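Raw contents of structure_4.csv, CSV, C-alpha atoms and all ligand atoms:
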```
chain,number,residue,atom,x,y,z
A,1,MET,CA,169.9,85.1,36.2
A,2,THR,CA,168.8,82.3,38.5
A,3,ALA,CA,168.0,83.6,42.0
A,4,VAL,CA,170.3,82.7,44.8
A,5,THR,CA,168.1,80.5,47.0
A,6,ALA,CA,170.1,80.6,50.2
A,7,PRO,CA,171.7,84.0,50.4
A,8,LEU,CA,174.2,84.5,53.2
A,9,ASP,CA,174.6,88.1,54.3
A,10,THR,CA,178.1,88.1,55.6
A,11,LEU,CA,180.0,90.8,53.7
A,12,ALA,CA,180.1,93.1,56.7
A,13,ASP,CA,182.1,90.5,58.6
A,14,PHE,CA,185.0,90.8,56.1
A,15,PRO,CA,186.8,94.2,56.5
A,16,ALA,CA,189.3,93.4,53.7
A,17,ILE,CA,186.6,93.2,51.1
A,18,PRO,CA,185.5,96.7,49.9
A,19,LYS,CA,181.9,97.0,48.8
A,20,ASP,CA,182.9,97.6,45.2
A,21,TRP,CA,185.3,94.7,44.9
A,22,ALA,CA,184.1,91.2,43.7
A,23,TYR,CA,186.5,88.8,45.3
A,24,LEU,CA,186.2,85.5,43.3
A,25,ASP,CA,189.4,83.8,44.4
A,26,THR,CA,188.4,81.9,47.5
A,27,ALA,CA,189.6,78.6,46.1
A,28,ALA,CA,193.1,80.2,46.4
A,29,THR,CA,192.6,81.6,49.8
A,30,ALA,CA,189.5,82.8,51.7
A,31,GLN,CA,189.2,86.3,53.1
A,32,LYS,CA,189.1,86.5,57.0
A,33,PRO,CA,186.0,87.3,59.0
A,34,LEU,CA,186.2,89.6,62.1
A,35,PRO,CA,186.0,86.8,64.6
A,36,VAL,CA,189.1,85.2,63.1
A,37,ILE,CA,190.9,88.6,63.0
A,38,ASP,CA,189.8,89.3,66.6
A,39,ALA,CA,191.1,85.9,67.8
A,40,ILE,CA,194.5,86.6,66.2
A,41,LEU,CA,194.7,90.1,67.6
A,42,ARG,CA,193.7,88.8,71.1
A,43,SER,CA,196.2,86.0,70.9
A,44,TYR,CA,199.1,88.2,70.1
A,45,GLY,CA,197.9,91.3,71.9
A,46,GLU,CA,196.6,89.9,75.2
A,47,THR,CA,197.1,86.2,75.9
A,48,TYR,CA,200.3,85.3,74.0
A,49,ALA,CA,202.8,82.8,75.4
A,50,THR,CA,204.4,79.5,74.3
A,51,VAL,CA,202.6,76.2,74.7
A,52,GLN,CA,203.4,72.8,76.3
A,53,ARG,CA,206.6,73.9,78.1
A,54,GLY,CA,205.8,76.9,80.3
A,55,VAL,CA,205.4,76.5,84.1
A,56,TYR,CA,203.7,79.9,84.4
A,57,GLN,CA,200.0,80.5,84.3
A,58,ARG,CA,199.9,82.4,80.9
A,59,SER,CA,201.6,79.5,79.2
A,60,ALA,CA,199.3,76.9,80.9
A,61,ASP,CA,196.3,78.9,79.7
A,62,MET,CA,197.7,79.2,76.2
A,63,THR,CA,198.3,75.4,76.1
A,64,LEU,CA,194.7,74.8,77.1
A,65,ALA,CA,193.5,77.2,74.3
A,66,PHE,CA,195.8,75.4,71.8
A,67,GLU,CA,194.6,72.0,72.8
A,68,ALA,CA,191.0,73.3,72.7
A,69,GLY,CA,191.7,74.1,69.0
A,70,ARG,CA,192.8,70.5,68.4
A,71,ARG,CA,189.5,69.3,70.0
A,72,ARG,CA,187.5,71.7,67.9
A,73,VAL,CA,189.2,70.4,64.6
A,74,ALA,CA,188.5,66.9,65.7
A,75,GLN,CA,184.9,67.6,66.4
A,76,PHE,CA,184.5,69.6,63.2
A,77,ILE,CA,185.6,66.7,60.9
A,78,GLY,CA,184.2,63.9,63.1
A,79,ALA,CA,187.4,62.4,64.2
A,80,THR,CA,187.3,59.8,67.0
A,81,SER,CA,189.9,61.5,69.1
A,82,PRO,CA,191.8,64.8,69.2
A,83,ASP,CA,195.0,62.7,69.2
A,84,GLU,CA,194.2,61.9,65.5
A,85,ILE,CA,194.7,65.6,64.6
A,86,VAL,CA,198.3,66.6,63.6
A,87,PHE,CA,198.8,70.3,63.1
A,88,VAL,CA,200.8,71.1,60.0
A,89,ARG,CA,201.4,74.2,57.8
A,90,GLY,CA,198.7,73.1,55.4
A,91,ALA,CA,197.6,70.4,53.0
A,92,THR,CA,200.9,70.5,51.2
A,93,GLU,CA,202.8,69.7,54.4
A,94,ALA,CA,200.3,67.1,55.4
A,95,ILE,CA,200.7,65.1,52.2
A,96,ASN,CA,204.5,65.4,52.4
A,97,LEU,CA,204.3,64.1,55.9
A,98,VAL,CA,202.2,61.1,54.9
A,99,ALA,CA,204.4,60.4,51.9
A,100,GLN,CA,207.6,60.6,53.8
A,101,SER,CA,206.6,59.0,57.1
A,102,TRP,CA,203.9,56.5,56.2
A,103,GLY,CA,205.0,56.0,52.6
A,104,GLY,CA,208.6,55.8,53.4
A,105,THR,CA,208.0,52.9,55.8
A,106,HIS,CA,204.9,51.1,54.6
A,107,LEU,CA,205.6,51.1,50.8
A,108,LYS,CA,208.4,49.4,49.0
A,109,ALA,CA,209.8,49.2,45.5
A,110,GLY,CA,207.1,47.8,43.1
A,111,ASP,CA,204.1,48.9,45.2
A,112,ARG,CA,201.6,51.0,43.3
A,113,ILE,CA,199.7,54.1,44.3
A,114,LEU,CA,196.8,55.6,42.4
A,115,LEU,CA,196.2,59.3,41.9
A,116,SER,CA,193.9,61.1,39.4
A,117,THR,CA,194.3,63.5,36.5
A,118,LEU,CA,192.8,66.4,38.4
A,119,GLU,CA,195.1,66.4,41.4
A,120,HIS,CA,196.7,69.6,42.7
A,121,HIS,CA,200.5,69.4,42.4
A,122,SER,CA,200.7,69.0,46.2
A,123,ASN,CA,199.0,65.6,45.8
A,124,ILE,CA,201.4,64.6,42.9
A,125,VAL,CA,204.9,65.8,43.6
A,126,PRO,CA,205.3,64.4,47.2
A,127,TRP,CA,204.5,60.9,45.7
A,128,GLN,CA,207.0,61.5,42.8
A,129,LEU,CA,209.7,62.4,45.3
A,130,LEU,CA,208.9,59.1,47.1
A,131,ARG,CA,208.9,57.2,43.8
A,132,ASP,CA,212.3,58.6,43.0
A,133,ARG,CA,213.5,57.5,46.5
A,134,ILE,CA,212.1,54.0,46.9
A,135,GLY,CA,210.8,53.0,43.4
A,136,ILE,CA,207.0,52.9,43.8
A,137,GLU,CA,204.8,53.1,40.7
A,138,ILE,CA,202.2,55.8,40.2
A,139,ASP,CA,199.0,55.2,38.2
A,140,VAL,CA,196.7,58.0,37.2
A,141,ALA,CA,192.9,57.6,37.0
A,142,PRO,CA,191.2,59.4,34.1
A,143,LEU,CA,188.2,61.8,34.3
A,144,THR,CA,184.7,61.5,33.1
A,145,ALA,CA,183.6,63.8,30.2
A,146,ASP,CA,182.2,66.3,32.7
A,147,GLY,CA,185.3,66.4,34.8
A,148,ARG,CA,184.9,64.0,37.7
A,149,ILE,CA,187.3,61.3,38.8
A,150,ASP,CA,186.1,58.3,36.8
A,151,LEU,CA,185.5,55.8,39.6
A,152,ASP,CA,184.5,53.0,37.1
A,153,ALA,CA,188.0,53.4,35.7
A,154,VAL,CA,189.4,53.4,39.2
A,155,GLU,CA,187.6,50.2,39.9
A,156,ALA,CA,189.1,48.6,36.8
A,157,MET,CA,192.6,49.9,37.5
A,158,LEU,CA,193.0,48.9,41.1
A,159,THR,CA,194.9,45.7,41.9
A,160,PRO,CA,196.2,44.1,45.1
A,161,ALA,CA,199.6,45.8,44.2
A,162,HIS,CA,198.0,49.2,45.0
A,163,LYS,CA,198.7,50.2,48.6
A,164,LEU,CA,197.4,53.7,48.5
A,165,VAL,CA,194.8,55.8,46.6
A,166,ALA,CA,195.1,59.6,47.0
A,167,LEU,CA,192.4,61.8,45.5
A,168,ALA,CA,191.0,65.3,45.8
A,169,HIS,CA,187.6,65.3,47.6
A,170,VAL,CA,186.8,68.5,45.6
A,171,SER,CA,188.8,69.6,42.6
A,172,ASN,CA,190.3,73.1,42.9
A,173,VAL,CA,189.9,73.7,39.2
A,174,LEU,CA,186.6,72.0,38.3
A,175,GLY,CA,184.8,72.0,41.6
A,176,SER,CA,183.8,68.4,41.0
A,177,ILE,CA,182.9,66.5,44.1
A,178,LEU,CA,184.3,63.0,44.5
A,179,ASP,CA,181.9,60.2,45.5
A,180,ALA,CA,184.2,59.7,48.5
A,181,LYS,CA,182.4,56.8,50.0
A,182,ARG,CA,182.6,54.8,46.8
A,183,ALA,CA,186.3,55.7,46.4
A,184,VAL,CA,187.0,54.5,50.0
A,185,ALA,CA,185.1,51.2,49.3
A,186,LEU,CA,187.1,50.7,46.1
A,187,ALA,CA,190.5,51.4,47.7
A,188,HIS,CA,189.7,49.2,50.7
A,189,GLY,CA,188.4,46.5,48.4
A,190,VAL,CA,191.9,45.8,47.2
A,191,GLY,CA,193.5,46.4,50.6
A,192,ALA,CA,194.8,49.9,49.8
A,193,LYS,CA,194.7,52.8,52.2
A,194,ILE,CA,193.0,56.0,50.9
A,195,LEU,CA,194.0,59.7,51.5
A,196,LEU,CA,191.5,62.4,50.7
A,197,ASP,CA,192.7,65.9,49.9
A,198,GLY,CA,190.0,68.0,51.6
A,199,CYS,CA,191.4,71.4,50.9
A,200,GLN,CA,188.5,72.6,48.8
A,201,ALA,CA,185.9,70.3,50.4
A,202,VAL,CA,186.2,71.3,54.1
A,203,PRO,CA,185.1,75.0,53.4
A,204,ARG,CA,182.1,73.8,51.3
A,205,LEU,CA,180.8,70.4,52.5
A,206,SER,CA,180.2,68.9,55.9
A,207,VAL,CA,182.8,66.1,56.3
A,208,ASP,CA,182.8,63.3,58.9
A,209,MET,CA,185.7,61.0,59.2
A,210,LYS,CA,183.7,58.2,60.8
A,211,ALA,CA,181.1,58.3,58.0
A,212,LEU,CA,183.7,58.6,55.2
A,213,GLY,CA,185.8,55.7,56.5
A,214,CYS,CA,189.0,57.0,54.8
A,215,ASP,CA,192.5,56.6,56.3
A,216,PHE,CA,194.0,60.0,55.8
A,217,TYR,CA,192.4,63.4,55.4
A,218,VAL,CA,194.2,66.7,54.9
A,219,PHE,CA,193.2,70.4,54.7
A,220,SER,CA,194.5,74.0,55.0
A,221,GLY,CA,193.1,76.5,57.5
A,222,HIS,CA,193.5,79.5,55.1
A,223,LYS,CA,190.9,78.2,52.7
A,224,LEU,CA,188.5,77.8,55.6
A,225,TYR,CA,188.5,81.5,56.5
A,226,GLY,CA,191.3,80.8,59.0
A,227,PRO,CA,195.0,82.0,59.1
A,228,THR,CA,197.7,80.9,56.7
A,229,GLY,CA,200.4,78.5,57.9
A,230,ILE,CA,198.1,76.2,59.8
A,231,GLY,CA,196.3,73.1,58.6
A,232,ALA,CA,195.5,69.6,59.7
A,233,LEU,CA,196.4,66.0,58.9
A,234,TRP,CA,193.8,63.5,60.2
A,235,ALA,CA,194.7,59.8,60.2
A,236,ARG,CA,193.2,56.9,62.1
A,237,GLY,CA,194.8,56.4,65.5
A,238,GLU,CA,196.4,53.1,64.7
A,239,ILE,CA,197.9,54.4,61.5
A,240,LEU,CA,199.5,57.4,63.2
A,241,GLU,CA,200.9,55.0,65.8
A,242,SER,CA,202.5,53.0,63.1
A,243,MET,CA,204.3,56.0,61.6
A,244,PRO,CA,207.8,57.1,62.5
A,245,PRO,CA,208.6,60.8,63.0
A,246,TRP,CA,209.3,62.8,59.9
A,247,GLN,CA,211.0,65.8,61.4
A,248,GLY,CA,213.1,65.9,64.6
A,249,GLY,CA,213.5,68.5,67.2
A,250,GLY,CA,211.8,69.8,70.3
A,251,ALA,CA,208.3,68.8,71.4
A,252,MET,CA,208.3,65.5,69.4
A,253,ILE,CA,210.5,63.5,71.9
A,254,ASP,CA,210.0,61.3,74.9
A,255,LYS,CA,213.7,61.1,76.0
A,256,VAL,CA,216.8,62.3,74.3
A,257,SER,CA,220.4,61.1,74.8
A,258,PHE,CA,223.3,60.9,72.4
A,259,ALA,CA,223.0,57.1,72.5
A,260,ARG,CA,219.3,56.9,71.8
A,261,THR,CA,216.2,59.0,71.5
A,262,THR,CA,212.6,57.9,72.0
A,263,TYR,CA,209.6,59.7,70.6
A,264,ALA,CA,206.4,61.1,71.9
A,265,PRO,CA,203.1,59.4,70.9
A,266,PRO,CA,201.0,60.9,68.2
A,267,PRO,CA,200.2,63.7,67.5
A,268,ALA,CA,203.2,65.3,69.3
A,269,ARG,CA,205.5,62.8,67.4
A,270,PHE,CA,204.7,64.7,64.2
A,271,GLU,CA,204.9,68.3,65.6
A,272,ALA,CA,208.5,69.1,66.0
A,273,GLY,CA,209.3,72.6,67.1
A,274,THR,CA,207.2,75.5,68.4
A,275,PRO,CA,203.9,75.2,66.7
A,276,HIS,CA,201.8,77.9,65.0
A,277,ILE,CA,200.1,78.7,68.3
A,278,VAL,CA,198.1,81.7,67.1
A,279,GLY,CA,197.2,79.9,63.8
A,280,VAL,CA,195.5,77.2,65.8
A,281,LEU,CA,193.5,79.8,67.8
A,282,GLY,CA,192.5,81.5,64.5
A,283,LEU,CA,191.5,78.2,63.0
A,284,HIS,CA,189.3,77.5,66.0
A,285,ALA,CA,187.5,80.8,65.5
A,286,ALA,CA,187.2,80.1,61.7
A,287,ILE,CA,185.5,76.7,62.5
A,288,ASP,CA,183.2,78.4,64.9
A,289,TYR,CA,182.4,81.0,62.2
A,290,VAL,CA,181.5,78.5,59.5
A,291,GLU,CA,179.6,76.1,61.8
A,292,THR,CA,177.4,79.0,63.1
A,293,MET,CA,176.3,79.4,59.5
A,294,GLY,CA,176.3,75.7,58.8
A,295,LEU,CA,178.1,73.9,56.0
A,296,GLY,CA,174.7,73.0,54.4
A,297,ALA,CA,173.8,76.6,54.1
A,298,ILE,CA,177.2,77.5,52.7
A,299,HIS,CA,177.1,74.7,50.2
A,300,ALA,CA,173.6,75.7,49.0
A,301,HIS,CA,174.7,79.4,48.8
A,302,GLU,CA,177.7,78.6,46.7
A,303,ALA,CA,175.8,76.0,44.5
A,304,ALA,CA,173.3,78.7,43.7
A,305,LEU,CA,176.1,81.1,42.7
A,306,VAL,CA,177.7,78.5,40.5
A,307,THR,CA,174.4,77.8,38.8
A,308,ALA,CA,173.9,81.5,38.2
A,309,THR,CA,177.4,81.9,36.9
A,310,ARG,CA,177.3,78.9,34.6
A,311,ALA,CA,173.9,80.1,33.2
A,312,ALA,CA,175.2,83.7,32.6
A,313,LEU,CA,178.6,82.7,31.1
A,314,GLY,CA,176.9,80.1,28.9
A,315,THR,CA,175.1,82.9,27.1
A,316,ILE,CA,178.4,84.7,26.2
A,317,ASN,CA,179.7,83.7,22.8
A,318,GLY,CA,183.1,82.0,22.8
A,319,ILE,CA,183.1,80.9,26.4
A,320,THR,CA,183.8,77.3,27.3
A,321,LEU,CA,182.8,76.2,30.7
A,322,PHE,CA,184.8,73.3,32.3
A,323,GLY,CA,183.7,71.0,35.0
A,324,PRO,CA,180.3,69.6,36.1
A,325,GLU,CA,177.0,71.6,36.6
A,326,ASP,CA,177.0,70.7,40.3
A,327,SER,CA,180.4,72.0,41.0
A,328,ALA,CA,181.2,73.0,44.6
A,329,GLY,CA,181.7,76.7,44.5
A,330,ILE,CA,184.2,76.8,41.6
A,331,VAL,CA,183.7,77.7,37.9
A,332,SER,CA,186.7,77.4,35.4
A,333,PHE,CA,186.3,78.8,31.9
A,334,ALA,CA,188.1,79.8,28.8
A,335,MET,CA,187.3,82.5,26.2
A,336,GLU,CA,188.1,81.9,22.6
A,337,GLY,CA,191.0,83.9,21.4
A,338,VAL,CA,191.8,85.5,24.8
A,339,HIS,CA,194.5,84.3,27.2
A,340,PRO,CA,193.2,83.8,30.7
A,341,HIS,CA,195.8,86.2,32.0
A,342,ASP,CA,194.3,88.9,29.8
A,343,ILE,CA,190.8,88.1,31.1
A,344,GLY,CA,192.2,88.3,34.7
A,345,THR,CA,193.9,91.7,34.0
A,346,ILE,CA,190.9,93.3,32.4
A,347,LEU,CA,188.6,91.9,35.2
A,348,ASP,CA,190.9,93.4,37.7
A,349,GLU,CA,190.4,96.9,36.1
A,350,GLU,CA,186.7,96.2,36.7
A,351,LYS,CA,187.3,95.4,40.3
A,352,VAL,CA,186.7,91.7,39.9
A,353,ALA,CA,189.4,89.3,41.2
A,354,ILE,CA,189.6,85.9,39.6
A,355,ARG,CA,192.5,83.5,39.3
A,356,ALA,CA,194.1,82.8,35.9
A,357,GLY,CA,196.7,80.2,35.4
A,358,HIS,CA,197.2,76.4,35.7
A,359,HIS,CA,196.0,76.4,39.3
A,360,CYS,CA,198.9,74.0,40.3
A,361,ALA,CA,197.2,71.4,38.2
A,362,GLN,CA,199.3,71.2,35.0
A,363,PRO,CA,198.4,67.6,34.2
A,364,LEU,CA,194.7,68.7,34.3
A,365,MET,CA,195.5,71.6,31.9
A,366,ASP,CA,197.1,69.1,29.5
A,367,HIS,CA,194.0,66.9,29.8
A,368,LEU,CA,191.7,69.9,29.0
A,369,GLY,CA,194.0,70.9,26.1
A,370,VAL,CA,194.6,74.5,27.5
A,371,PRO,CA,197.7,76.1,29.0
A,372,ALA,CA,195.5,77.8,31.7
A,373,THR,CA,192.0,78.6,32.6
A,374,ALA,CA,190.2,81.5,34.2
A,375,ARG,CA,188.6,80.5,37.5
A,376,ALA,CA,185.9,82.2,39.6
A,377,SER,CA,185.5,80.7,43.0
A,378,PHE,CA,183.0,81.6,45.7
A,379,GLY,CA,182.8,82.0,49.4
A,380,VAL,CA,180.3,83.0,52.0
A,381,TYR,CA,180.7,86.7,51.3
A,382,ASN,CA,179.8,86.5,47.6
A,383,SER,CA,176.4,87.4,46.1
A,384,GLU,CA,174.6,87.8,42.8
A,385,ASN,CA,176.2,91.2,42.6
A,386,ASP,CA,179.6,89.6,42.2
A,387,VAL,CA,178.3,87.3,39.5
A,388,ALA,CA,176.8,90.4,37.7
A,389,ALA,CA,180.2,92.2,38.0
A,390,LEU,CA,181.9,89.2,36.5
A,391,VAL,CA,179.5,89.1,33.6
A,392,ARG,CA,179.9,92.8,33.0
A,393,GLY,CA,183.7,92.5,33.1
A,394,LEU,CA,183.6,89.6,30.7
A,395,GLU,CA,181.5,91.6,28.3
A,396,ARG,CA,184.1,94.3,28.4
A,397,VAL,CA,186.8,91.6,27.7
A,398,LYS,CA,184.8,90.6,24.6
A,399,ARG,CA,184.5,94.2,23.4
A,400,ILE,CA,188.2,94.8,23.8
A,401,PHE,CA,189.2,91.5,21.9
A,402,GLY,CA,186.5,92.0,19.3
B,1,LIG,C1,192.8,70.7,46.2
B,1,LIG,C2,194.0,71.4,46.8
B,1,LIG,N1,195.0,70.6,47.4
B,1,LIG,C3,196.0,71.1,48.0
B,1,LIG,C4,196.3,72.5,48.0
B,1,LIG,C5,197.5,73.0,48.7
B,1,LIG,O1,197.1,73.8,49.8
B,1,LIG,P1,198.2,74.6,50.6
B,1,LIG,O2,198.9,75.5,49.5
B,1,LIG,O3,197.4,75.5,51.5
B,1,LIG,O4,199.1,73.7,51.3
B,1,LIG,C6,195.4,73.3,47.4
B,1,LIG,C7,195.6,74.8,47.3
B,1,LIG,O5,195.2,75.4,46.4
B,1,LIG,C8,194.2,72.7,46.8
B,1,LIG,O6,193.3,73.5,46.2
```
For the file at hand, write its structure as structure tokens.
Amino acid sequence: MTAVTAPLDTLADFPAIPKDWAYLDTAATAQKPLPVIDAILRSYGETYATVQRGVYQRSADMTLAFEAGRRRVAQFIGATSPDEIVFVRGATEAINLVAQSWGGTHLKAGDRILLSTLEHHSNIVPWQLLRDRIGIEIDVAPLTADGRIDLDAVEAMLTPAHKLVALAHVSNVLGSILDAKRAVALAHGVGAKILLDGCQAVPRLSVDMKALGCDFYVFSGHKLYGPTGIGALWARGEILESMPPWQGGGAMIDKVSFARTTYAPPPARFEAGTPHIVGVLGLHAAIDYVETMGLGAIHAHEAALVTATRAALGTINGITLFGPEDSAGIVSFAMEGVHPHDIGTILDEEKVAIRAGHHCAQPLMDHLGVPATARASFGVYNSENDVAALVRGLERVKRIFG
């Protein structure tokens, strides 16, 4: 087995991972390190109060902590201003927000948008809902043989009728990394905006909005070692300014009367209701945690585990590996004659947790010609021991299925 060149020794930071359990489902959700758990406990157990509205000191302090979280997210992804960060429940909500608010006002019947075959359902269905409402057309870019979004095909498909390109920065099934800068240049070349789904990228790669030059970027906190129920939409300031509210209620208004209501500027305009206060503080702690380690080190660590896994699985008869060699932390595979759910169930008996299913990417499953895949995905806490446990478990699957 190839040696892991950049081992991270973090398992002790993760109390929910017993030593004899190989957790290989980080692409679904990451386990939480102690600093994140502590931040959540402290927020509920010591410092809790509402934000934005309270006149008392506790609430003012919590508001400062909440807005510090927004500044931290902005700095983490290289935004120009914290005002470009809209807190949402996660990537799914962020894409729905863009589709309904930006798409609902900036797109019209006959406009085209371009997605790709490997998108997560959360970057497909919101656009279909919009198509059914206003009559846009959706084009789907194909993949290369090794499972990347085919940007040569994207270049050939794009026309001035395309107003938006929306692509996964890293595939949640194949781990393939998009050449985001080229995708941005292609979209902008025909005057289209581009949204990048950074759900799987943000925990694995260093991202910088200024360097990428995209228009919208979305991610979920829970895949970044933070809490569930919190995520971020980033959009360039002038784009957010041009977008109407998508949900109404408290916190998003300027002045309300029955005759007429005016709205707050972004980001408050898009944050109706009491926000996930503690989620933001937990996300702040999660960003501190990954940045202390460094995204470069995390990427190298996961890349080494992917290399080791692909090498080991490649020697097991009847296993097909999907996706490119340089996948970011994710290995999908199939075993001849064994349903992925059976693989997952037997591995569970061996204390190895993987994901088996369509991974919310049914069009990609159709493209691969399988109903489902087995998927091992890595995080900062994994090591060669987990790869070895996976291989042992798969050897048992083979023995059982003959
Ligand atoms: C690439 C990608 N996009 C979007 C999502 C949706 O994220 P969430 O369910 O946190 O909103 C996921 C989650 O698996 C994902 O992997």
Return as an MDAnalysis selection string every polymer residue, whether protein, DNA or RNA, with at least one atom no more than 8 Å from an atom of ligand LIG 1 (chain B); count only C-alpha atoms and all ligand atoms. chainID A and resid 27:29 89:94 119:123 168:173 197:200 219:223 228:229 231 359:360
Point (194.9, 65.9, 36.5) neighbourhood (6 Å, all atoms listed in the file) written as a count of residues only: 6
What is the distance between atom CA of A:Gln100 and atom CA of A:Gly189, in Å to one decimal?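 Interatomic distance here is 24.4 Å.
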Go through A:Val338, A:Ser383, A:Leu107, A:Ile136 one by one, measure the shortest atom-to-atom distance of each to A:Pro371 using only C-alpha atoms, and give the residue with the smallest value.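 Of the candidates, the smallest distance to A:Pro371 is held by A:Val338.
Considering all atoms listed in the file, the residue among A:Val397, A:Tyr289, A:His299, A:Val380 positioned nearest to A:Pro340 is A:Val397.
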Go ahead and compute the interatomic distance for atom CA of A:Asp348 and atom CA of A:Asp13, in Å to one decimal. 22.9 Å
By how many Å are atom CA of A:Thr105 and atom CA of A:Leu196 apart? 19.7 Å
Shell of 7 Å around A:Leu347, all atoms listed in the file, local chain residues under 5 positions omitted, as a PyMOL selection string: chain A and resi 352-353+393
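Non-sequential neighbours of A:Leu151 (distance at most 8 Å, separation of 4 or more positions within a chain, all atoms listed in the file) are Glu155, Arg182 and Ala183 of chain A.
For the residues A:Glu336, A:Thr373, A:Glu46, A:Ser257, ranking by smallest atom-to-atom distance to A:Ala361 using all atoms listed in the file places A:Thr373 first.
With distances restricted to all atoms listed in the file, A:Val86 is the closest residue to A:Phe216 from A:Val86, A:Ile253, A:Leu64, A:Leu41.
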Long-range neighbours of A:Arg71 as a ChimeraX atom specification, 9 Å cut-off, only C-alpha atoms, 6 positions minimum in chain: /A:81-83,85
Counting only C-alpha atoms, the residue among A:Leu178, A:Leu114, A:Ala109, A:Ile343 that lies closest to A:Thr144 is A:Leu178
Under the rule that only C-alpha atoms are counted, which of A:Ala308, A:Gly104, A:Ser206, A:Tyr23 is the nearest residue to A:Ser242? A:Gly104
